[in-house]
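Student: Sharing data.pdb here; it has PDB, C-alpha atoms.
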```pdb
ATOM      1  CA  MET O 250      12.346  27.002  18.576  1.00  0.00           C
ATOM      2  CA  ALA O 251      11.155  26.101  15.093  1.00  0.00           C
ATOM      3  CA  ILE O 252       7.443  25.705  14.606  1.00  0.00           C
ATOM      4  CA  SER O 253       5.523  23.169  12.593  1.00  0.00           C
ATOM      5  CA  GLY O 254       3.513  24.219   9.561  1.00  0.00           C
ATOM      6  CA  LYS O 255       0.829  21.796  10.705  1.00  0.00           C
ATOM      7  CA  ASN O 256      -0.734  24.588  12.742  1.00  0.00           C
ATOM      8  CA  GLY O 257      -0.785  26.995   9.812  1.00  0.00           C
ATOM      9  CA  LYS O 258      -3.912  27.761   7.824  1.00  0.00           C
ATOM     10  CA  ALA O 259      -5.370  30.028   5.168  1.00  0.00           C
ATOM     11  CA  LYS O 260      -8.612  31.989   5.175  1.00  0.00           C
ATOM     12  CA  ILE O 261     -10.733  34.156   2.946  1.00  0.00           C
ATOM     13  CA  SER O 262     -12.150  36.787   5.288  1.00  0.00           C
ATOM     14  CA  SER O 263     -13.149  34.673   8.298  1.00  0.00           C
ATOM     15  CA  ASP O 264     -13.690  31.449   6.348  1.00  0.00           C
ATOM     16  CA  LEU O 265     -11.125  28.686   6.547  1.00  0.00           C
ATOM     17  CA  ILE O 266      -9.882  27.227   3.269  1.00  0.00           C
ATOM     18  CA  ALA O 267     -10.154  23.442   3.563  1.00  0.00           C
ATOM     19  CA  ASP O 268      -7.387  20.881   3.183  1.00  0.00           C
ATOM     20  CA  VAL O 269      -4.432  23.184   2.608  1.00  0.00           C
ATOM     21  CA  ASN O 270      -1.184  21.262   2.319  1.00  0.00           C
ATOM     22  CA  SER O 271       1.145  24.223   1.946  1.00  0.00           C
ATOM     23  CA  TRP O 272       1.387  27.864   1.011  1.00  0.00           C
ATOM     24  CA  THR O 273       4.164  30.261   0.136  1.00  0.00           C
ATOM     25  CA  LEU O 274       4.391  34.034   0.265  1.00  0.00           C
ATOM     26  CA  ASP O 275       7.003  36.178  -1.470  1.00  0.00           C
ATOM     27  CA  ILE O 276       7.355  39.840  -0.680  1.00  0.00           C
ATOM     28  CA  ALA O 277       9.565  41.936  -2.926  1.00  0.00           C
ATOM     29  CA  THR O 278      10.517  45.568  -3.260  1.00  0.00           C
ATOM     30  CA  ASP O 279      11.735  47.222  -6.425  1.00  0.00           C
ATOM     31  CA  THR O 280      14.923  49.164  -6.046  1.00  0.00           C
ATOM     32  CA  GLU O 281      16.873  51.693  -8.051  1.00  0.00           C
ATOM     33  CA  GLU O 282      20.587  52.259  -7.862  1.00  0.00           C
ATOM     34  CA  VAL O 283      21.595  55.752  -6.806  1.00  0.00           C
ATOM     35  CA  THR O 284      25.325  55.332  -6.415  1.00  0.00           C
ATOM     36  CA  ALA O 285      27.046  58.683  -7.031  1.00  0.00           C
ATOM     37  CA  MET O 286      29.452  58.408  -9.969  1.00  0.00           C
ATOM     38  CA  LEU O 287      31.876  61.052  -8.826  1.00  0.00           C
ATOM     39  CA  ALA O 288      32.096  60.219  -5.171  1.00  0.00           C
ATOM     40  CA  THR O 289      35.610  59.301  -4.133  1.00  0.00           C
ATOM     41  CA  GLY O 290      36.360  56.007  -2.451  1.00  0.00           C
ATOM     42  CA  VAL O 291      33.018  54.487  -3.335  1.00  0.00           C
ATOM     43  CA  THR O 292      33.166  50.676  -3.408  1.00  0.00           C
ATOM     44  CA  TRP O 293      29.576  49.808  -2.593  1.00  0.00           C
ATOM     45  CA  LYS O 294      26.495  50.495  -4.603  1.00  0.00           C
ATOM     46  CA  THR O 295      23.628  52.299  -2.954  1.00  0.00           C
ATOM     47  CA  PHE O 296      19.939  51.919  -3.686  1.00  0.00           C
ATOM     48  CA  ILE O 297      16.627  53.430  -2.834  1.00  0.00           C
ATOM     49  CA  SER O 298      13.504  51.377  -2.399  1.00  0.00           C
ATOM     50  CA  LEU O 299      10.572  51.901  -4.726  1.00  0.00           C
ATOM     51  CA  LEU O 300       7.289  50.003  -4.843  1.00  0.00           C
ATOM     52  CA  ALA O 301       6.631  46.750  -3.030  1.00  0.00           C
ATOM     53  CA  THR O 302       4.718  43.757  -4.333  1.00  0.00           C
ATOM     54  CA  TRP O 303       3.752  40.325  -3.098  1.00  0.00           C
ATOM     55  CA  THR O 304       2.914  37.018  -4.664  1.00  0.00           C
ATOM     56  CA  GLY O 305       2.182  33.575  -3.344  1.00  0.00           C
ATOM     57  CA  SER O 306       0.993  30.052  -3.944  1.00  0.00           C
ATOM     58  CA  MET O 307      -1.125  27.478  -2.201  1.00  0.00           C
ATOM     59  CA  GLU O 308      -1.475  23.727  -2.590  1.00  0.00           C
ATOM     60  CA  MET O 309      -4.556  21.856  -1.453  1.00  0.00           C
ATOM     61  CA  SER O 310      -6.258  18.509  -1.696  1.00  0.00           C
ATOM     62  CA  TRP O 311      -9.019  19.252  -4.199  1.00  0.00           C
ATOM     63  CA  LYS O 312     -12.299  20.024  -2.447  1.00  0.00           C
ATOM     64  CA  VAL O 313     -13.820  22.622  -4.740  1.00  0.00           C
ATOM     65  CA  ASN O 314     -17.126  20.747  -4.669  1.00  0.00           C
ATOM     66  CA  ASP O 315     -17.433  20.856  -0.891  1.00  0.00           C
ATOM     67  CA  ASP O 316     -15.877  24.011   0.520  1.00  0.00           C
ATOM     68  CA  ALA O 317     -18.174  26.845  -0.468  1.00  0.00           C
ATOM     69  CA  ASP O 318     -16.387  29.738   1.218  1.00  0.00           C
ATOM     70  CA  GLY O 319     -12.881  28.430   0.732  1.00  0.00           C
ATOM     71  CA  GLN O 320     -11.798  26.398  -2.300  1.00  0.00           C
ATOM     72  CA  THR O 321     -15.027  27.073  -4.173  1.00  0.00           C
ATOM     73  CA  ALA O 322     -14.463  30.804  -3.734  1.00  0.00           C
ATOM     74  CA  LEU O 323     -10.913  30.437  -5.064  1.00  0.00           C
ATOM     75  CA  ASN O 324     -12.224  28.484  -8.034  1.00  0.00           C
ATOM     76  CA  THR O 325     -14.922  31.057  -8.744  1.00  0.00           C
ATOM     77  CA  ALA O 326     -12.482  33.941  -8.552  1.00  0.00           C
ATOM     78  CA  SER O 327     -10.072  32.080 -10.796  1.00  0.00           C
ATOM     79  CA  LEU O 328     -12.692  31.490 -13.480  1.00  0.00           C
ATOM     80  CA  ALA O 329     -14.158  34.973 -13.257  1.00  0.00           C
ATOM     81  CA  GLY O 330     -10.881  36.844 -12.881  1.00  0.00           C
ATOM     82  CA  THR O 331     -12.120  38.603  -9.777  1.00  0.00           C
ATOM     83  CA  THR O 332     -10.147  39.686  -6.746  1.00  0.00           C
ATOM     84  CA  ILE O 333     -10.052  37.646  -3.550  1.00  0.00           C
ATOM     85  CA  GLU O 334     -10.586  40.057  -0.702  1.00  0.00           C
ATOM     86  CA  ASP O 335      -8.884  39.547   2.651  1.00  0.00           C
ATOM     87  CA  LEU O 336      -6.819  36.491   1.876  1.00  0.00           C
ATOM     88  CA  SER O 337      -5.077  35.583   5.124  1.00  0.00           C
ATOM     89  CA  LEU O 338      -2.078  33.286   5.354  1.00  0.00           C
ATOM     90  CA  TYR O 339      -1.227  31.950   8.811  1.00  0.00           C
ATOM     91  CA  PRO O 340       2.266  30.537   9.447  1.00  0.00           C
ATOM     92  CA  ASN O 341       1.045  29.510  12.894  1.00  0.00           C
ATOM     93  CA  ALA O 342      -2.325  29.405  14.610  1.00  0.00           C
ATOM     94  CA  THR O 343      -2.362  33.103  15.520  1.00  0.00           C
ATOM     95  CA  ASN O 344      -0.377  35.408  13.249  1.00  0.00           C
ATOM     96  CA  TYR O 345      -1.176  36.120   9.663  1.00  0.00           C
ATOM     97  CA  TYR O 346      -0.376  38.065   6.529  1.00  0.00           C
ATOM     98  CA  GLN O 347      -3.419  39.599   4.883  1.00  0.00           C
ATOM     99  CA  GLY O 348      -4.223  41.309   1.616  1.00  0.00           C
ATOM    100  CA  ASP O 349      -6.284  41.178  -1.551  1.00  0.00           C
ATOM    101  CA  ALA O 350      -5.106  38.897  -4.337  1.00  0.00           C
ATOM    102  CA  ILE O 351      -5.795  37.911  -7.922  1.00  0.00           C
ATOM    103  CA  ILE O 352      -5.345  34.287  -8.898  1.00  0.00           C
ATOM    104  CA  THR O 353      -2.859  34.176 -11.746  1.00  0.00           C
ATOM    105  CA  ASN O 354      -2.784  30.410 -12.231  1.00  0.00           C
ATOM    106  CA  ALA O 355      -4.834  27.457 -11.071  1.00  0.00           C
ATOM    107  CA  ASN O 356      -3.838  23.836 -11.533  1.00  0.00           C
ATOM    108  CA  ILE O 357      -5.921  20.745 -10.904  1.00  0.00           C
ATOM    109  CA  ALA O 358      -3.974  17.497 -11.036  1.00  0.00           C
ATOM    110  CA  THR O 359      -5.461  14.021 -10.961  1.00  0.00           C
ATOM    111  CA  ASP O 360      -3.458  10.822 -10.644  1.00  0.00           C
ATOM    112  CA  VAL O 361      -4.977   7.358 -10.605  1.00  0.00           C
ATOM    113  CA  LYS O 362      -2.551   6.391  -7.843  1.00  0.00           C
ATOM    114  CA  GLY O 363      -2.912   9.472  -5.715  1.00  0.00           C
ATOM    115  CA  LYS O 364      -5.100  12.264  -4.507  1.00  0.00           C
ATOM    116  CA  VAL O 365      -6.524  15.049  -6.619  1.00  0.00           C
ATOM    117  CA  THR O 366      -4.695  18.273  -5.944  1.00  0.00           C
ATOM    118  CA  TYR O 367      -5.635  21.907  -6.438  1.00  0.00           C
ATOM    119  CA  SER O 368      -2.891  24.501  -6.647  1.00  0.00           C
ATOM    120  CA  VAL O 369      -3.116  28.225  -7.166  1.00  0.00           C
ATOM    121  CA  THR O 370      -0.654  31.047  -7.541  1.00  0.00           C
ATOM    122  CA  PHE O 371      -1.712  34.581  -6.812  1.00  0.00           C
ATOM    123  CA  GLN O 372      -0.606  38.146  -7.267  1.00  0.00           C
ATOM    124  CA  GLY O 373      -1.256  40.494  -4.390  1.00  0.00           C
ATOM    125  CA  THR O 374      -2.948  43.751  -5.203  1.00  0.00           C
ATOM    126  CA  GLY O 375      -2.504  46.585  -2.769  1.00  0.00           C
ATOM    127  CA  ALA O 376      -0.918  46.445   0.630  1.00  0.00           C
ATOM    128  CA  LEU O 377      -0.010  43.335   2.560  1.00  0.00           C
ATOM    129  CA  SER O 378      -0.311  43.578   6.323  1.00  0.00           C
ATOM    130  CA  TYR O 379       1.033  41.465   9.158  1.00  0.00           C
ATOM    131  CA  ASN O 380      -1.092  40.899  12.185  1.00  0.00           C
TER     132      ASN O 380
ATOM    133  CA  MET Q 272     -15.154   0.465  14.637  1.00  0.00           C
ATOM    134  CA  SER Q 273     -11.918  -1.010  13.294  1.00  0.00           C
ATOM    135  CA  VAL Q 274     -11.086  -0.950   9.620  1.00  0.00           C
ATOM    136  CA  ALA Q 275     -11.170  -4.746   9.455  1.00  0.00           C
ATOM    137  CA  LYS Q 276     -14.683  -4.835  10.886  1.00  0.00           C
ATOM    138  CA  ASP Q 277     -15.865  -2.154   8.475  1.00  0.00           C
ATOM    139  CA  VAL Q 278     -14.407  -4.022   5.500  1.00  0.00           C
ATOM    140  CA  LYS Q 279     -16.122  -7.168   6.689  1.00  0.00           C
ATOM    141  CA  THR Q 280     -19.475  -5.517   5.948  1.00  0.00           C
ATOM    142  CA  LEU Q 281     -18.415  -5.204   2.306  1.00  0.00           C
ATOM    143  CA  ILE Q 282     -17.199  -8.733   1.686  1.00  0.00           C
ATOM    144  CA  ALA Q 283     -19.065 -10.966   4.116  1.00  0.00           C
ATOM    145  CA  SER Q 284     -21.376 -12.054   1.304  1.00  0.00           C
ATOM    146  CA  ILE Q 285     -18.503 -13.981  -0.307  1.00  0.00           C
ATOM    147  CA  ASN Q 286     -18.112 -16.265   2.670  1.00  0.00           C
ATOM    148  CA  THR Q 287     -20.515 -16.263   5.607  1.00  0.00           C
ATOM    149  CA  ASN Q 288     -17.632 -17.377   7.826  1.00  0.00           C
ATOM    150  CA  THR Q 289     -15.763 -14.093   7.726  1.00  0.00           C
ATOM    151  CA  TYR Q 290     -13.763 -13.023  10.782  1.00  0.00           C
ATOM    152  CA  THR Q 291     -11.589 -10.097  11.810  1.00  0.00           C
ATOM    153  CA  ASN Q 292      -8.050 -10.156  13.192  1.00  0.00           C
ATOM    154  CA  ASP Q 293      -8.197 -13.722  14.501  1.00  0.00           C
ATOM    155  CA  MET Q 294      -8.842 -16.719  12.276  1.00  0.00           C
ATOM    156  CA  PRO Q 295     -10.353 -19.566  14.311  1.00  0.00           C
ATOM    157  CA  ASP Q 296      -9.184 -23.135  13.794  1.00  0.00           C
ATOM    158  CA  ALA Q 297     -12.649 -24.090  12.561  1.00  0.00           C
ATOM    159  CA  PRO Q 298     -14.391 -24.022  10.177  1.00  0.00           C
ATOM    160  CA  ASP Q 299     -11.940 -25.108   7.508  1.00  0.00           C
ATOM    161  CA  ASN Q 300     -13.345 -22.719   4.923  1.00  0.00           C
ATOM    162  CA  CYS Q 301     -13.340 -19.121   6.050  1.00  0.00           C
ATOM    163  CA  VAL Q 302     -12.080 -15.585   5.488  1.00  0.00           C
ATOM    164  CA  CYS Q 303     -10.257 -13.351   7.936  1.00  0.00           C
ATOM    165  CA  ILE Q 304      -9.415  -9.653   7.639  1.00  0.00           C
ATOM    166  CA  TYR Q 305      -6.385  -8.388   9.531  1.00  0.00           C
ATOM    167  CA  ASN Q 306      -5.447  -4.821  10.381  1.00  0.00           C
ATOM    168  CA  THR Q 307      -1.787  -4.654   9.351  1.00  0.00           C
ATOM    169  CA  GLY Q 308      -0.812  -1.106  10.265  1.00  0.00           C
ATOM    170  CA  GLY Q 309      -0.342   1.114   7.255  1.00  0.00           C
ATOM    171  CA  TYR Q 310       1.431   4.217   6.055  1.00  0.00           C
ATOM    172  CA  GLU Q 311       1.855   7.702   7.425  1.00  0.00           C
ATOM    173  CA  THR Q 312      -1.249   9.817   7.757  1.00  0.00           C
ATOM    174  CA  GLU Q 313      -1.670  12.657   5.275  1.00  0.00           C
ATOM    175  CA  TYR Q 314      -2.026  15.876   7.218  1.00  0.00           C
ATOM    176  CA  VAL Q 315      -3.298  19.264   6.133  1.00  0.00           C
ATOM    177  CA  MET Q 316      -2.960  22.633   7.793  1.00  0.00           C
ATOM    178  CA  ASN Q 317      -4.993  23.806  10.760  1.00  0.00           C
ATOM    179  CA  ASN Q 318      -3.743  20.707  12.583  1.00  0.00           C
ATOM    180  CA  ASP Q 319      -6.171  18.536  10.688  1.00  0.00           C
ATOM    181  CA  ILE Q 320      -6.027  15.165   8.962  1.00  0.00           C
ATOM    182  CA  ASP Q 321      -6.558  14.922   5.220  1.00  0.00           C
ATOM    183  CA  TYR Q 322      -6.881  11.148   5.165  1.00  0.00           C
ATOM    184  CA  GLU Q 323      -5.484   8.032   6.793  1.00  0.00           C
ATOM    185  CA  ARG Q 324      -3.733   5.186   4.982  1.00  0.00           C
ATOM    186  CA  PRO Q 325      -4.239   1.933   6.885  1.00  0.00           C
ATOM    187  CA  THR Q 326      -3.450  -1.423   5.331  1.00  0.00           C
ATOM    188  CA  ILE Q 327      -5.264  -4.717   5.685  1.00  0.00           C
ATOM    189  CA  GLN Q 328      -4.560  -8.284   4.736  1.00  0.00           C
ATOM    190  CA  ILE Q 329      -7.408 -10.564   3.735  1.00  0.00           C
ATOM    191  CA  ARG Q 330      -6.762 -14.260   4.107  1.00  0.00           C
ATOM    192  CA  VAL Q 331      -8.915 -17.007   2.681  1.00  0.00           C
ATOM    193  CA  ARG Q 332      -8.578 -20.556   3.978  1.00  0.00           C
ATOM    194  CA  ASN Q 333     -10.170 -23.415   2.103  1.00  0.00           C
ATOM    195  CA  THR Q 334      -9.687 -27.110   1.510  1.00  0.00           C
ATOM    196  CA  SER Q 335      -9.777 -26.298  -2.213  1.00  0.00           C
ATOM    197  CA  TYR Q 336      -7.130 -24.046  -3.696  1.00  0.00           C
ATOM    198  CA  GLU Q 337      -9.433 -23.155  -6.566  1.00  0.00           C
ATOM    199  CA  THR Q 338     -12.259 -22.149  -4.242  1.00  0.00           C
ATOM    200  CA  ALA Q 339      -9.931 -20.042  -2.119  1.00  0.00           C
ATOM    201  CA  ASP Q 340      -8.608 -18.317  -5.218  1.00  0.00           C
ATOM    202  CA  ALA Q 341     -12.098 -17.718  -6.589  1.00  0.00           C
ATOM    203  CA  GLN Q 342     -13.229 -16.195  -3.305  1.00  0.00           C
ATOM    204  CA  LEU Q 343     -10.276 -13.811  -3.205  1.00  0.00           C
ATOM    205  CA  VAL Q 344     -10.905 -12.785  -6.814  1.00  0.00           C
ATOM    206  CA  ALA Q 345     -14.513 -12.047  -5.866  1.00  0.00           C
ATOM    207  CA  ILE Q 346     -13.359 -10.049  -2.840  1.00  0.00           C
ATOM    208  CA  LYS Q 347     -10.957  -8.066  -5.006  1.00  0.00           C
ATOM    209  CA  GLN Q 348     -13.736  -7.271  -7.449  1.00  0.00           C
ATOM    210  CA  ILE Q 349     -15.810  -5.832  -4.623  1.00  0.00           C
ATOM    211  CA  LEU Q 350     -13.045  -3.784  -3.034  1.00  0.00           C
ATOM    212  CA  ASP Q 351     -11.568  -2.478  -6.292  1.00  0.00           C
ATOM    213  CA  LYS Q 352     -14.946  -0.960  -7.182  1.00  0.00           C
ATOM    214  CA  GLN Q 353     -15.407   0.952  -3.933  1.00  0.00           C
ATOM    215  CA  SER Q 354     -15.436   4.723  -4.187  1.00  0.00           C
ATOM    216  CA  GLU Q 355     -16.227   7.045  -1.306  1.00  0.00           C
ATOM    217  CA  THR Q 356     -18.126   4.366   0.556  1.00  0.00           C
ATOM    218  CA  THR Q 357     -19.290   5.368   4.020  1.00  0.00           C
ATOM    219  CA  ILE Q 358     -19.307   2.640   6.672  1.00  0.00           C
ATOM    220  CA  ASN Q 359     -20.076   3.428  10.304  1.00  0.00           C
ATOM    221  CA  SER Q 360     -19.449   7.147   9.673  1.00  0.00           C
ATOM    222  CA  THR Q 361     -16.017   6.539   8.145  1.00  0.00           C
ATOM    223  CA  LYS Q 362     -15.602   7.497   4.488  1.00  0.00           C
ATOM    224  CA  TYR Q 363     -13.584   4.848   2.645  1.00  0.00           C
ATOM    225  CA  MET Q 364     -12.386   6.839  -0.346  1.00  0.00           C
ATOM    226  CA  THR Q 365     -10.255   4.276  -2.172  1.00  0.00           C
ATOM    227  CA  PHE Q 366      -8.964   0.718  -1.919  1.00  0.00           C
ATOM    228  CA  TYR Q 367      -5.588   0.066  -3.538  1.00  0.00           C
ATOM    229  CA  CYS Q 368      -4.547  -3.532  -4.035  1.00  0.00           C
ATOM    230  CA  ILE Q 369      -0.847  -3.360  -3.110  1.00  0.00           C
ATOM    231  CA  SER Q 370      -0.063  -7.022  -3.611  1.00  0.00           C
ATOM    232  CA  ASP Q 371      -2.068  -9.484  -5.627  1.00  0.00           C
ATOM    233  CA  ILE Q 372      -3.139 -12.929  -4.515  1.00  0.00           C
ATOM    234  CA  LEU Q 373      -0.301 -14.769  -2.860  1.00  0.00           C
ATOM    235  CA  ARG Q 374      -0.086 -18.273  -1.487  1.00  0.00           C
ATOM    236  CA  ILE Q 375       0.651 -18.366   2.221  1.00  0.00           C
ATOM    237  CA  GLY Q 376       0.777 -22.170   2.221  1.00  0.00           C
ATOM    238  CA  ARG Q 377      -1.078 -25.344   2.978  1.00  0.00           C
ATOM    239  CA  ASN Q 378      -1.235 -26.637   6.514  1.00  0.00           C
ATOM    240  CA  ASP Q 379      -1.131 -30.189   7.815  1.00  0.00           C
ATOM    241  CA  ARG Q 380      -4.903 -30.439   7.495  1.00  0.00           C
ATOM    242  CA  GLU Q 381      -4.717 -29.845   3.760  1.00  0.00           C
ATOM    243  CA  ARG Q 382      -6.143 -26.372   3.985  1.00  0.00           C
ATOM    244  CA  THR Q 383      -4.780 -23.802   1.584  1.00  0.00           C
ATOM    245  CA  VAL Q 384      -4.350 -20.213   2.757  1.00  0.00           C
ATOM    246  CA  LEU Q 385      -4.192 -17.385   0.229  1.00  0.00           C
ATOM    247  CA  ALA Q 386      -3.936 -13.685   0.945  1.00  0.00           C
ATOM    248  CA  VAL Q 387      -4.202 -10.273  -0.641  1.00  0.00           C
ATOM    249  CA  ASN Q 388      -3.069  -6.903   0.733  1.00  0.00           C
ATOM    250  CA  TYR Q 389      -4.781  -3.546   0.424  1.00  0.00           C
ATOM    251  CA  GLU Q 390      -3.963   0.043   1.240  1.00  0.00           C
ATOM    252  CA  ILE Q 391      -7.041   2.070   2.106  1.00  0.00           C
ATOM    253  CA  ASN Q 392      -7.496   5.827   1.995  1.00  0.00           C
ATOM    254  CA  LEU Q 393     -10.119   6.825   4.526  1.00  0.00           C
ATOM    255  CA  LYS Q 394     -11.423   9.890   6.273  1.00  0.00           C
ATOM    256  CA  ARG Q 395     -13.026   9.682   9.707  1.00  0.00           C
TER     257      ARG Q 395
END
```
Take the structure in the file and give it back as structure tokens.
Tutor:
Amino acid sequence: MAISGKNGKAKISSDLIADVNSWTLDIATDTEEVTAMLATGVTWKTFISLLATWTGSMEMSWKVNDDADGQTALNTASLAGTTIEDLSLYPNATNYYQGDAIITNANIATDVKGKVTYSVTFQGTGALSYN
Amino acid sequence: MSVAKDVKTLIASINTNTYTNDMPDAPDNCVCIYNTGGYETEYVMNNDIDYERPTIQIRVRNTSYETADAQLVAIKQILDKQSETTINSTKYMTFYCISDILRIGRNDRERTVLAVNYEINLKR
């Protein structure tokens, strides 16, 4: 059965990030083709896997002024160029992907007819784990 | 407390005969605030609510069209200036006027009824 993202969440260490509307996580692995040129009857390429990387994004209702260990920490890391340690992304209430990340872009958008939003994209550094 | 009752605390100074959800037949000159439903709630993750989007309609009844209009203009000026106002523990972040002053009509007792509609963004 499909699950609702409403039960998802995001944390820095054990601290909940407030007012998260959505997040995405992309995990990729570099590959290199190793198809043998002289092999007979070869119709499919073959590859080996190299290094893995992960990136992601998160959209929130802006609360940088009132979420010290969550959005404020993201904002501080973004301005200082420091690494967020133990960023955890929960698709449901229990399971999560966790790793360290560097914020590569932060966007604050204000609209007179709508809410103020805070969006970040991040580049994972080091391993990503699933728990 | 209901949204209409909370809003009453903001605008009751315009007309001391301000009611919520049920406009009595008397007095002739009065204001009534109605809860009129609203739009879908904005949710955030962790099964939480970002903010709610109820709507209200404010009706002014008066034997003078001009007085009714002036009272609604005064009410609009109050509500349009609200920003993160806390009433009875509810934070009223914004009031959006979603339809300007409209004439509901004049009844057989020569009382004009005008109305204005608002969307509210609030956090409980």
Student: Please, which residues of chain O lie no more than 9 Å from chain Q when the count uses only C-alpha atoms, and can they be set out as a PDB file with C-alpha atoms, in the frame of the given file?
Tutor:
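Printed below is part-v5.pdb as written:
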```pdb
ATOM      1  CA  GLY O 254       3.513  24.219   9.561  1.00  0.00           C
ATOM      2  CA  LYS O 255       0.829  21.796  10.705  1.00  0.00           C
ATOM      3  CA  ASN O 256      -0.734  24.588  12.742  1.00  0.00           C
ATOM      4  CA  GLY O 257      -0.785  26.995   9.812  1.00  0.00           C
ATOM      5  CA  LYS O 258      -3.912  27.761   7.824  1.00  0.00           C
ATOM      6  CA  ALA O 259      -5.370  30.028   5.168  1.00  0.00           C
ATOM      7  CA  LEU O 265     -11.125  28.686   6.547  1.00  0.00           C
ATOM      8  CA  ALA O 267     -10.154  23.442   3.563  1.00  0.00           C
ATOM      9  CA  ASP O 268      -7.387  20.881   3.183  1.00  0.00           C
ATOM     10  CA  VAL O 269      -4.432  23.184   2.608  1.00  0.00           C
ATOM     11  CA  ASN O 270      -1.184  21.262   2.319  1.00  0.00           C
ATOM     12  CA  SER O 271       1.145  24.223   1.946  1.00  0.00           C
ATOM     13  CA  MET O 309      -4.556  21.856  -1.453  1.00  0.00           C
ATOM     14  CA  SER O 310      -6.258  18.509  -1.696  1.00  0.00           C
ATOM     15  CA  ASN O 341       1.045  29.510  12.894  1.00  0.00           C
ATOM     16  CA  ALA O 342      -2.325  29.405  14.610  1.00  0.00           C
ATOM     17  CA  LYS O 362      -2.551   6.391  -7.843  1.00  0.00           C
TER      18      LYS O 362
END
```
Student: Select, from O:Thr289, O:Thr343, O:Ser368, O:Thr332, the residue with the minimum atom-to-atom distance to Trp272 (chain O), counting all atoms listed in the file.
Tutor: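 Checking each of O:Thr289, O:Thr343, O:Ser368, O:Thr332 against Trp272 (chain O), counting all atoms listed in the file, the winner is O:Ser368.
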Student: If you measure from CA of Pro298 (chain Q) to CA of Asn333 (chain Q), what distance in Å do you get, rounded to one decimal?
Tutor: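 Here the two named atoms are 9.1 Å from each other.
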Student: Which residues, protein or nucleic acid, reach to within 9 Å of (-14.5, -10.4, 12.7) in the file's coordinates when using only C-alpha atoms, and can you give that as a PyMOL selection string?
Tutor: chain Q and resi 275-276+279+289-294+303-305
Student: Of the candidates O:Leu274, O:Ile261, O:Ala376, O:Ala358, which shows the shortest atom-to-atom distance to Thr304 (chain O), using all atoms listed in the file?
Tutor: O:Leu274
Student: Which one is closest to Val331 (chain Q): Q:Asp379, Q:Asp299, Q:Glu355, Q:Glu311? Count only C-alpha atoms.
Tutor: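 Counting only C-alpha atoms, the residue closest to Val331 (chain Q) is Q:Asp299.
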Student: Would you mind telling me which residue in O:Glu308, O:Glu334, O:Asp275, O:Asp360 lies nearest to Ala322 (chain O) when using all atoms listed in the file?
Tutor: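 Ranking O:Glu308, O:Glu334, O:Asp275, O:Asp360 by distance to Ala322 (chain O), first place goes to O:Glu334.
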Student: With only C-alpha atoms as the counted atoms, please give the residues lying no more than 12 Å from Asn324 (chain O), apart from itself and same-chain residues fewer than 3 positions off, as a ChimeraX atom specification.
Tutor: /O:266,311-321,327-333,351-357,367-370
Student: Could the residues in this selection be saved with C-alpha atoms as a tab-separated table (two decimals), in the frame of the given file?
Tutor:
```
chain	number	residue	atom	x	y	z
O	266	ILE	CA	-9.88	27.23	3.27
O	311	TRP	CA	-9.02	19.25	-4.20
O	312	LYS	CA	-12.30	20.02	-2.45
O	313	VAL	CA	-13.82	22.62	-4.74
O	314	ASN	CA	-17.13	20.75	-4.67
O	315	ASP	CA	-17.43	20.86	-0.89
O	316	ASP	CA	-15.88	24.01	0.52
O	317	ALA	CA	-18.17	26.84	-0.47
O	318	ASP	CA	-16.39	29.74	1.22
O	319	GLY	CA	-12.88	28.43	0.73
O	320	GLN	CA	-11.80	26.40	-2.30
O	321	THR	CA	-15.03	27.07	-4.17
O	327	SER	CA	-10.07	32.08	-10.80
O	328	LEU	CA	-12.69	31.49	-13.48
O	329	ALA	CA	-14.16	34.97	-13.26
O	330	GLY	CA	-10.88	36.84	-12.88
O	331	THR	CA	-12.12	38.60	-9.78
O	332	THR	CA	-10.15	39.69	-6.75
O	333	ILE	CA	-10.05	37.65	-3.55
O	351	ILE	CA	-5.80	37.91	-7.92
O	352	ILE	CA	-5.34	34.29	-8.90
O	353	THR	CA	-2.86	34.18	-11.75
O	354	ASN	CA	-2.78	30.41	-12.23
O	355	ALA	CA	-4.83	27.46	-11.07
O	356	ASN	CA	-3.84	23.84	-11.53
O	357	ILE	CA	-5.92	20.74	-10.90
O	367	TYR	CA	-5.64	21.91	-6.44
O	368	SER	CA	-2.89	24.50	-6.65
O	369	VAL	CA	-3.12	28.22	-7.17
O	370	THR	CA	-0.65	31.05	-7.54
```
